[in-house]
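Chemist: First the structure, which I've put down as structure tokens, then a few questions once you've had a look.
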Amino acid sequence: MVDLLGILFVFLGTCSLILQLNSFWDYRRLRKLERSGVEGAATIARWEPVGGQMRLYLQVRLSGGGSSGEFEEVMLEPIGSPGDEVPVIYDPERPTRARTGTRGDIDYRDERMMVFLFGYGGLALFAAGILMVALSRPFF
């Protein structure tokens, strides 16, 4: 019985770790933007409706006149029309990793909570399951 419960814990822990991967990548990207991002401007290239929301394609203007990068962001309503400038914060190494707004607008508490809850919880379930299976079955 303990070994079946251990296998269930391993399965649930693995599923939890897989489910939190998207939140983990969002958390890392937003944290990097907040810590080392450069505030600048972007021009709205175009926007199109997508499933009740709007997908905006923005062209980042790099400081120093370097080549610009295009990124997209999905919003409920467009924040302007094509040709308008909006404030953005972008990664100087990869301008395609950008987000509209300023450094103070970045809020990654939801992603951090998901990473801590599902990541550490899944890891604990996985470890407990492996321990339960290892202690209940003789391998030698």
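We label chains A, B, ... in the order they appear in the structure tokens, count residues from 1 in each chain, and number ligands from 1 in the order shown.
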Report as a PyMOL selection string: the residues of region 9-114 of chain A with a DSSP assignment of helix (DSSP H, G or I), based on the backbone of this structure.
Modeler: chain A and resi 9-19+21-36+103-105+109-114
Chemist: Residues at most 7 Å from Leu56 (chain A), counting only C-alpha atoms, excluding those fewer than 2 positions away in the same chain, as a list of chain:residue names?
Modeler: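 Residues near the query, excluding close chain neighbours: A:Ile44, A:Arg46, A:Trp47, A:Glu48, A:Met54, A:Leu58, A:Glu72, A:Glu73, A:Val74.
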Chemist: Counting only C-alpha atoms, give me one row per residue of region 15-58 of chain A with an atom at most 10 Å from an atom of region 112-119 of chain A, showing the shortest contact pair and its distance in Å to one decimal, sorted by chain then residue number, as a tab-separated table.
Modeler:
residue	atom	partner	partner_atom	distance
A:Cys15	CA	A:Phe118	CA	9.3
A:Ser16	CA	A:Phe118	CA	5.5
A:Leu17	CA	A:Gly119	CA	5.4
A:Ile18	CA	A:Gly119	CA	8.7
A:Leu19	CA	A:Phe118	CA	7.7
A:Gln20	CA	A:Val115	CA	5.9
A:Leu21	CA	A:Val115	CA	7.9
A:Asn22	CA	A:Val115	CA	9.1
A:Ser23	CA	A:Val115	CA	6.3
A:Phe24	CA	A:Val115	CA	5.7
A:Trp25	CA	A:Val115	CA	9.4
A:Asp26	CA	A:Arg112	CA	9.0
A:Tyr27	CA	A:Arg112	CA	6.1
A:Arg28	CA	A:Arg112	CA	9.0
A:Arg31	CA	A:Arg112	CA	9.6
Chemist: Would you mind exporting the chosen residues as a PDB file, in the first residue's frame, restricted to N, CA, C and O atoms?
Modeler:
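again_6.pdb was written with the following content:
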ATOM      1  N   CYS A  15       3.725  15.895 -12.234  1.00  0.00           N
ATOM      2  CA  CYS A  15       2.712  16.725 -12.900  1.00  0.00           C
ATOM      3  C   CYS A  15       2.765  18.165 -12.408  1.00  0.00           C
ATOM      4  O   CYS A  15       2.660  19.108 -13.199  1.00  0.00           O
ATOM      5  N   SER A  16       2.938  18.340 -11.129  1.00  0.00           N
ATOM      6  CA  SER A  16       3.018  19.680 -10.558  1.00  0.00           C
ATOM      7  C   SER A  16       4.231  20.435 -11.084  1.00  0.00           C
ATOM      8  O   SER A  16       4.148  21.622 -11.415  1.00  0.00           O
ATOM      9  N   LEU A  17       5.365  19.762 -11.164  1.00  0.00           N
ATOM     10  CA  LEU A  17       6.569  20.407 -11.691  1.00  0.00           C
ATOM     11  C   LEU A  17       6.411  20.788 -13.158  1.00  0.00           C
ATOM     12  O   LEU A  17       6.866  21.846 -13.581  1.00  0.00           O
ATOM     13  N   ILE A  18       5.755  19.953 -13.926  1.00  0.00           N
ATOM     14  CA  ILE A  18       5.541  20.252 -15.343  1.00  0.00           C
ATOM     15  C   ILE A  18       4.570  21.414 -15.509  1.00  0.00           C
ATOM     16  O   ILE A  18       4.777  22.298 -16.351  1.00  0.00           O
ATOM     17  N   LEU A  19       3.516  21.451 -14.694  1.00  0.00           N
ATOM     18  CA  LEU A  19       2.520  22.517 -14.803  1.00  0.00           C
ATOM     19  C   LEU A  19       3.067  23.894 -14.442  1.00  0.00           C
ATOM     20  O   LEU A  19       2.614  24.901 -14.965  1.00  0.00           O
ATOM     21  N   GLN A  20       4.051  23.953 -13.571  1.00  0.00           N
ATOM     22  CA  GLN A  20       4.557  25.255 -13.147  1.00  0.00           C
ATOM     23  C   GLN A  20       5.663  25.780 -14.045  1.00  0.00           C
ATOM     24  O   GLN A  20       6.157  26.874 -13.818  1.00  0.00           O
ATOM     25  N   LEU A  21       6.078  25.049 -15.065  1.00  0.00           N
ATOM     26  CA  LEU A  21       7.172  25.495 -15.919  1.00  0.00           C
ATOM     27  C   LEU A  21       6.883  26.827 -16.613  1.00  0.00           C
ATOM     28  O   LEU A  21       7.751  27.684 -16.696  1.00  0.00           O
ATOM     29  N   ASN A  22       5.668  27.023 -17.126  1.00  0.00           N
ATOM     30  CA  ASN A  22       5.333  28.279 -17.797  1.00  0.00           C
ATOM     31  C   ASN A  22       5.405  29.454 -16.824  1.00  0.00           C
ATOM     32  O   ASN A  22       5.943  30.517 -17.164  1.00  0.00           O
ATOM     33  N   SER A  23       4.899  29.269 -15.617  1.00  0.00           N
ATOM     34  CA  SER A  23       4.997  30.324 -14.615  1.00  0.00           C
ATOM     35  C   SER A  23       6.445  30.588 -14.239  1.00  0.00           C
ATOM     36  O   SER A  23       6.833  31.728 -13.983  1.00  0.00           O
ATOM     37  N   PHE A  24       7.259  29.546 -14.209  1.00  0.00           N
ATOM     38  CA  PHE A  24       8.669  29.712 -13.881  1.00  0.00           C
ATOM     39  C   PHE A  24       9.379  30.562 -14.926  1.00  0.00           C
ATOM     40  O   PHE A  24      10.148  31.463 -14.590  1.00  0.00           O
ATOM     41  N   TRP A  25       9.115  30.298 -16.222  1.00  0.00           N
ATOM     42  CA  TRP A  25       9.758  31.089 -17.274  1.00  0.00           C
ATOM     43  C   TRP A  25       9.266  32.532 -17.250  1.00  0.00           C
ATOM     44  O   TRP A  25      10.064  33.459 -17.449  1.00  0.00           O
ATOM     45  N   ASP A  26       7.966  32.756 -17.011  1.00  0.00           N
ATOM     46  CA  ASP A  26       7.456  34.126 -16.894  1.00  0.00           C
ATOM     47  C   ASP A  26       8.080  34.837 -15.703  1.00  0.00           C
ATOM     48  O   ASP A  26       8.461  36.006 -15.790  1.00  0.00           O
ATOM     49  N   TYR A  27       8.191  34.148 -14.590  1.00  0.00           N
ATOM     50  CA  TYR A  27       8.792  34.710 -13.384  1.00  0.00           C
ATOM     51  C   TYR A  27      10.240  35.128 -13.638  1.00  0.00           C
ATOM     52  O   TYR A  27      10.656  36.235 -13.290  1.00  0.00           O
ATOM     53  N   ARG A  28      11.018  34.254 -14.267  1.00  0.00           N
ATOM     54  CA  ARG A  28      12.415  34.579 -14.552  1.00  0.00           C
ATOM     55  C   ARG A  28      12.532  35.761 -15.499  1.00  0.00           C
ATOM     56  O   ARG A  28      13.377  36.635 -15.312  1.00  0.00           O
ATOM     57  N   ARG A  31      11.463  38.998 -13.633  1.00  0.00           N
ATOM     58  CA  ARG A  31      12.454  39.359 -12.633  1.00  0.00           C
ATOM     59  C   ARG A  31      13.702  39.945 -13.285  1.00  0.00           C
ATOM     60  O   ARG A  31      14.267  40.932 -12.816  1.00  0.00           O
TER      61      ARG A  31
END
Chemist: Mind checking which residues fall within 12 Å of Gly51 (chain A), counting only C-alpha atoms, ignoring those fewer than 4 positions away in the same chain, and posting them as JSON, numbers by chain?
Modeler: {"A": [55, 74, 75, 76, 77]}
Chemist: Considering only C-alpha atoms, can you say which of A:Thr14, A:Ser36, A:Ser136, A:Gln53 comes closest to Tyr90 (chain A)?
Modeler: A:Ser36
Chemist: Using DSSP secondary structure from the backbone, list all strand (DSSP E or B) positions within chain A, as a compact mmCIF listing (two decimals) with N, CA, C and O atoms, in the first residue's frame.
Modeler:
# COMPACT_ATOMS: atom_id res chain seq x y z
N VAL A 38 16.12 47.90 -19.44
CA VAL A 38 16.35 49.28 -19.83
C VAL A 38 15.00 49.87 -20.22
O VAL A 38 14.25 49.28 -20.99
N GLU A 39 14.71 51.03 -19.65
CA GLU A 39 13.45 51.70 -20.00
C GLU A 39 13.66 52.47 -21.29
O GLU A 39 14.67 53.14 -21.48
N GLY A 40 12.70 52.35 -22.17
CA GLY A 40 12.79 53.02 -23.46
C GLY A 40 11.41 53.23 -24.03
O GLY A 40 10.42 53.30 -23.30
N ALA A 41 11.36 53.32 -25.34
CA ALA A 41 10.09 53.54 -26.03
C ALA A 41 9.94 52.53 -27.15
O ALA A 41 10.91 51.97 -27.64
N ALA A 42 8.70 52.31 -27.53
CA ALA A 42 8.40 51.41 -28.64
C ALA A 42 7.29 52.03 -29.47
O ALA A 42 6.45 52.78 -28.95
N THR A 43 7.29 51.73 -30.73
CA THR A 43 6.28 52.20 -31.65
C THR A 43 5.35 51.05 -31.97
O THR A 43 5.80 49.94 -32.26
N ILE A 44 4.06 51.31 -31.92
CA ILE A 44 3.09 50.28 -32.27
C ILE A 44 3.12 50.09 -33.77
O ILE A 44 2.83 51.01 -34.54
N ALA A 45 3.51 48.90 -34.21
CA ALA A 45 3.58 48.61 -35.65
C ALA A 45 2.20 48.27 -36.20
O ALA A 45 1.78 48.82 -37.22
N ARG A 46 1.49 47.39 -35.52
CA ARG A 46 0.13 47.00 -35.94
C ARG A 46 -0.53 46.28 -34.79
O ARG A 46 0.11 45.90 -33.83
N TRP A 47 -1.83 46.09 -34.87
CA TRP A 47 -2.54 45.28 -33.91
C TRP A 47 -3.66 44.55 -34.62
O TRP A 47 -4.16 44.98 -35.65
N GLU A 48 -4.01 43.40 -34.05
CA GLU A 48 -5.07 42.57 -34.64
C GLU A 48 -5.87 41.91 -33.52
O GLU A 48 -5.32 41.58 -32.47
N PRO A 49 -7.16 41.73 -33.74
CA PRO A 49 -7.98 41.06 -32.73
C PRO A 49 -7.70 39.55 -32.71
O PRO A 49 -7.55 38.93 -33.75
N VAL A 50 -7.63 39.01 -31.49
CA VAL A 50 -7.39 37.58 -31.32
C VAL A 50 -8.27 37.10 -30.18
O VAL A 50 -7.99 37.38 -29.02
N GLN A 53 -9.45 39.55 -27.52
CA GLN A 53 -8.37 40.40 -27.03
C GLN A 53 -7.66 41.01 -28.24
O GLN A 53 -7.98 40.73 -29.37
N MET A 54 -6.67 41.85 -27.97
CA MET A 54 -5.91 42.48 -29.03
C MET A 54 -4.44 42.08 -28.91
O MET A 54 -3.87 42.13 -27.83
N ARG A 55 -3.86 41.67 -30.02
CA ARG A 55 -2.43 41.38 -30.06
C ARG A 55 -1.74 42.57 -30.71
O ARG A 55 -2.00 42.91 -31.84
N LEU A 56 -0.86 43.20 -29.94
CA LEU A 56 -0.11 44.35 -30.42
C LEU A 56 1.30 43.92 -30.81
O LEU A 56 1.94 43.18 -30.08
N TYR A 57 1.74 44.39 -31.96
CA TYR A 57 3.11 44.16 -32.40
C TYR A 57 3.83 45.49 -32.25
O TYR A 57 3.44 46.49 -32.86
N LEU A 58 4.88 45.51 -31.44
CA LEU A 58 5.58 46.74 -31.12
C LEU A 58 7.04 46.65 -31.59
O LEU A 58 7.66 45.60 -31.49
N GLN A 59 7.56 47.77 -32.06
CA GLN A 59 8.94 47.89 -32.52
C GLN A 59 9.73 48.69 -31.48
O GLN A 59 9.43 49.85 -31.25
N VAL A 60 10.70 48.06 -30.83
CA VAL A 60 11.47 48.70 -29.77
C VAL A 60 12.52 49.63 -30.39
O VAL A 60 13.22 49.24 -31.32
N ARG A 61 12.60 50.85 -29.87
CA ARG A 61 13.66 51.78 -30.25
C ARG A 61 14.76 51.66 -29.22
O ARG A 61 14.57 52.01 -28.06
N GLU A 70 11.33 43.47 -32.61
CA GLU A 70 9.87 43.51 -32.53
C GLU A 70 9.40 42.47 -31.52
O GLU A 70 9.93 41.37 -31.47
N PHE A 71 8.43 42.85 -30.72
CA PHE A 71 7.83 41.91 -29.79
C PHE A 71 6.32 42.09 -29.85
O PHE A 71 5.82 43.06 -30.39
N GLU A 72 5.62 41.12 -29.30
CA GLU A 72 4.17 41.18 -29.30
C GLU A 72 3.67 41.03 -27.87
O GLU A 72 4.31 40.43 -27.03
N GLU A 73 2.50 41.62 -27.65
CA GLU A 73 1.89 41.55 -26.33
C GLU A 73 0.37 41.48 -26.53
O GLU A 73 -0.17 42.19 -27.37
N VAL A 74 -0.29 40.64 -25.77
CA VAL A 74 -1.74 40.47 -25.86
C VAL A 74 -2.39 41.28 -24.75
O VAL A 74 -2.01 41.17 -23.58
N MET A 75 -3.36 42.12 -25.12
CA MET A 75 -4.05 42.98 -24.17
C MET A 75 -5.55 42.91 -24.42
O MET A 75 -5.99 42.47 -25.47
N GLU A 85 3.75 55.99 -29.81
CA GLU A 85 4.84 55.51 -28.97
C GLU A 85 4.33 55.21 -27.58
O GLU A 85 3.50 55.93 -27.05
N VAL A 86 4.83 54.12 -27.02
CA VAL A 86 4.47 53.71 -25.66
C VAL A 86 5.75 53.42 -24.88
O VAL A 86 6.76 53.03 -25.47
N PRO A 87 5.75 53.62 -23.56
CA PRO A 87 6.94 53.27 -22.77
C PRO A 87 7.06 51.76 -22.63
O PRO A 87 6.07 51.05 -22.47
N VAL A 88 8.28 51.27 -22.73
CA VAL A 88 8.55 49.84 -22.57
C VAL A 88 9.80 49.66 -21.72
O VAL A 88 10.59 50.58 -21.55
N ILE A 89 9.95 48.47 -21.21
CA ILE A 89 11.19 48.06 -20.56
C ILE A 89 11.63 46.80 -21.30
O ILE A 89 10.83 45.91 -21.55
N TYR A 90 12.91 46.78 -21.70
CA TYR A 90 13.38 45.67 -22.52
C TYR A 90 14.73 45.19 -22.02
O TYR A 90 15.44 45.88 -21.30
N ALA A 98 10.55 42.07 -24.16
CA ALA A 98 10.17 43.39 -23.67
C ALA A 98 8.75 43.32 -23.12
O ALA A 98 8.03 42.34 -23.32
N ARG A 99 8.39 44.40 -22.44
CA ARG A 99 7.06 44.50 -21.86
C ARG A 99 6.68 45.97 -21.82
O ARG A 99 7.51 46.81 -21.49
N THR A 100 5.45 46.26 -22.14
CA THR A 100 5.02 47.64 -22.10
C THR A 100 4.92 48.11 -20.65
O THR A 100 4.59 47.33 -19.76
Chemist: Quick one: pull the distance between CA of Arg29 (chain A) and CA of Tyr108 (chain A), Å, one decimal.
Modeler: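 Interatomic distance, CA of Arg29 (chain A) to CA of Tyr108 (chain A): 9.5 Å.
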Chemist: Would you list the contacts of Arg137 (chain A) as a list of chain:residue names, taking every protein, DNA or RNA residue within 12 Å and counting only C-alpha atoms, but skipping same-chain residues closer than 2 positions in sequence?
Modeler: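 Here the qualifying residues turn out to be A:Met1, A:Val2, A:Asp3, A:Leu4, A:Gly6, A:Ile7, A:Ile130, A:Leu131, A:Met132, A:Val133, A:Ala134, A:Leu135, A:Phe139, A:Phe140.
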Chemist: Okay, now the selection with N, CA, C and O atoms, as a PDB file, in the first residue's frame?
Modeler:
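Generated output (again_17.pdb):
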ATOM      1  N   MET A   1       0.818  -1.201   0.000  1.00  0.00           N
ATOM      2  CA  MET A   1       0.000   0.000   0.000  1.00  0.00           C
ATOM      3  C   MET A   1       0.857   1.258   0.000  1.00  0.00           C
ATOM      4  O   MET A   1       0.559   2.222  -0.686  1.00  0.00           O
ATOM      5  N   VAL A   2       1.939   1.244   0.789  1.00  0.00           N
ATOM      6  CA  VAL A   2       2.813   2.415   0.882  1.00  0.00           C
ATOM      7  C   VAL A   2       3.501   2.673  -0.447  1.00  0.00           C
ATOM      8  O   VAL A   2       3.678   3.821  -0.851  1.00  0.00           O
ATOM      9  N   ASP A   3       3.856   1.570  -1.160  1.00  0.00           N
ATOM     10  CA  ASP A   3       4.533   1.759  -2.432  1.00  0.00           C
ATOM     11  C   ASP A   3       3.592   2.360  -3.481  1.00  0.00           C
ATOM     12  O   ASP A   3       4.005   3.176  -4.301  1.00  0.00           O
ATOM     13  N   LEU A   4       2.311   2.001  -3.455  1.00  0.00           N
ATOM     14  CA  LEU A   4       1.354   2.607  -4.384  1.00  0.00           C
ATOM     15  C   LEU A   4       1.127   4.085  -4.079  1.00  0.00           C
ATOM     16  O   LEU A   4       1.031   4.908  -4.987  1.00  0.00           O
ATOM     17  N   GLY A   6       3.365   5.953  -2.704  1.00  0.00           N
ATOM     18  CA  GLY A   6       4.611   6.580  -3.146  1.00  0.00           C
ATOM     19  C   GLY A   6       4.619   6.830  -4.631  1.00  0.00           C
ATOM     20  O   GLY A   6       5.059   7.889  -5.106  1.00  0.00           O
ATOM     21  N   ILE A   7       4.131   5.880  -5.405  1.00  0.00           N
ATOM     22  CA  ILE A   7       4.049   6.056  -6.860  1.00  0.00           C
ATOM     23  C   ILE A   7       3.078   7.185  -7.196  1.00  0.00           C
ATOM     24  O   ILE A   7       3.331   7.989  -8.096  1.00  0.00           O
ATOM     25  N   ILE A 130       9.477   9.086  -3.833  1.00  0.00           N
ATOM     26  CA  ILE A 130      10.668   8.263  -4.074  1.00  0.00           C
ATOM     27  C   ILE A 130      11.132   7.605  -2.778  1.00  0.00           C
ATOM     28  O   ILE A 130      11.475   6.422  -2.745  1.00  0.00           O
ATOM     29  N   LEU A 131      11.118   8.363  -1.693  1.00  0.00           N
ATOM     30  CA  LEU A 131      11.517   7.822  -0.391  1.00  0.00           C
ATOM     31  C   LEU A 131      10.574   6.701   0.052  1.00  0.00           C
ATOM     32  O   LEU A 131      11.019   5.661   0.547  1.00  0.00           O
ATOM     33  N   MET A 132       9.265   6.898  -0.130  1.00  0.00           N
ATOM     34  CA  MET A 132       8.299   5.864   0.261  1.00  0.00           C
ATOM     35  C   MET A 132       8.487   4.587  -0.549  1.00  0.00           C
ATOM     36  O   MET A 132       8.440   3.487   0.000  1.00  0.00           O
ATOM     37  N   VAL A 133       8.702   4.726  -1.857  1.00  0.00           N
ATOM     38  CA  VAL A 133       8.900   3.545  -2.684  1.00  0.00           C
ATOM     39  C   VAL A 133      10.225   2.866  -2.322  1.00  0.00           C
ATOM     40  O   VAL A 133      10.284   1.638  -2.237  1.00  0.00           O
ATOM     41  N   ALA A 134      11.258   3.634  -2.097  1.00  0.00           N
ATOM     42  CA  ALA A 134      12.560   3.051  -1.768  1.00  0.00           C
ATOM     43  C   ALA A 134      12.546   2.315  -0.424  1.00  0.00           C
ATOM     44  O   ALA A 134      13.182   1.285  -0.274  1.00  0.00           O
ATOM     45  N   LEU A 135      11.804   2.833   0.536  1.00  0.00           N
ATOM     46  CA  LEU A 135      11.768   2.183   1.846  1.00  0.00           C
ATOM     47  C   LEU A 135      10.826   0.975   1.881  1.00  0.00           C
ATOM     48  O   LEU A 135      11.000   0.082   2.712  1.00  0.00           O
ATOM     49  N   PHE A 139      15.400  -3.565  -2.888  1.00  0.00           N
ATOM     50  CA  PHE A 139      15.963  -3.574  -4.244  1.00  0.00           C
ATOM     51  C   PHE A 139      17.133  -4.523  -4.386  1.00  0.00           C
ATOM     52  O   PHE A 139      17.712  -4.657  -5.439  1.00  0.00           O
ATOM     53  N   PHE A 140      17.542  -5.176  -3.322  1.00  0.00           N
ATOM     54  CA  PHE A 140      18.673  -6.087  -3.394  1.00  0.00           C
ATOM     55  C   PHE A 140      18.238  -7.507  -3.214  1.00  0.00           C
ATOM     56  O   PHE A 140      17.359  -7.926  -2.635  1.00  0.00           O
TER      57      PHE A 140
END
Chemist: Which of these, A:Gly101, A:Pro92, A:Gly129, A:Pro138, has the shortest distance to Lys32 (chain A) once you count only C-alpha atoms?
Modeler: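 Closest candidate: A:Pro92.
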Chemist: At a cut-off of 8 Å, using only C-alpha atoms, what residues contact Gly13 (chain A)? Leave out same-chain residues fewer than 5 positions from it and give the result as a list in words.
Modeler: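 Result of the neighbour search: Gly121, Gly122, Leu123, Ala124, Leu125 and Phe126 of chain A.
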Chemist: Excluding Asp107 (chain A) and residues on its chain fewer than 3 positions from it, collect all residues at most 8 Å away from it, counting only C-alpha atoms, and give them as an MDAnalysis selection string.
Modeler: chainID A and resid 30 104 110
Chemist: Selected residues, N, CA and C atoms, written as a short mmCIF file (atom, residue, chain, number, x, y, z; two decimals), in the first residue's frame, please.
Modeler:
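What follows is the written file part14.cif:
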data_model
loop_
_atom_site.label_atom_id
_atom_site.label_comp_id
_atom_site.auth_asym_id
_atom_site.auth_seq_id
_atom_site.Cartn_x
_atom_site.Cartn_y
_atom_site.Cartn_z
N LEU A 30 10.32 38.25 -16.08
CA LEU A 30 9.90 39.49 -15.43
C LEU A 30 10.90 39.94 -14.37
N GLY A 104 8.37 50.17 -12.54
CA GLY A 104 7.44 50.11 -11.42
C GLY A 104 6.15 49.35 -11.73
N ASP A 110 2.21 36.93 -8.73
CA ASP A 110 1.38 35.76 -9.05
C ASP A 110 2.25 34.62 -9.57
#
Chemist: Do you have the CA of Glu111 (chain A)-CA of Gly80 (chain A) distance handy?
Modeler: 27.3 Å
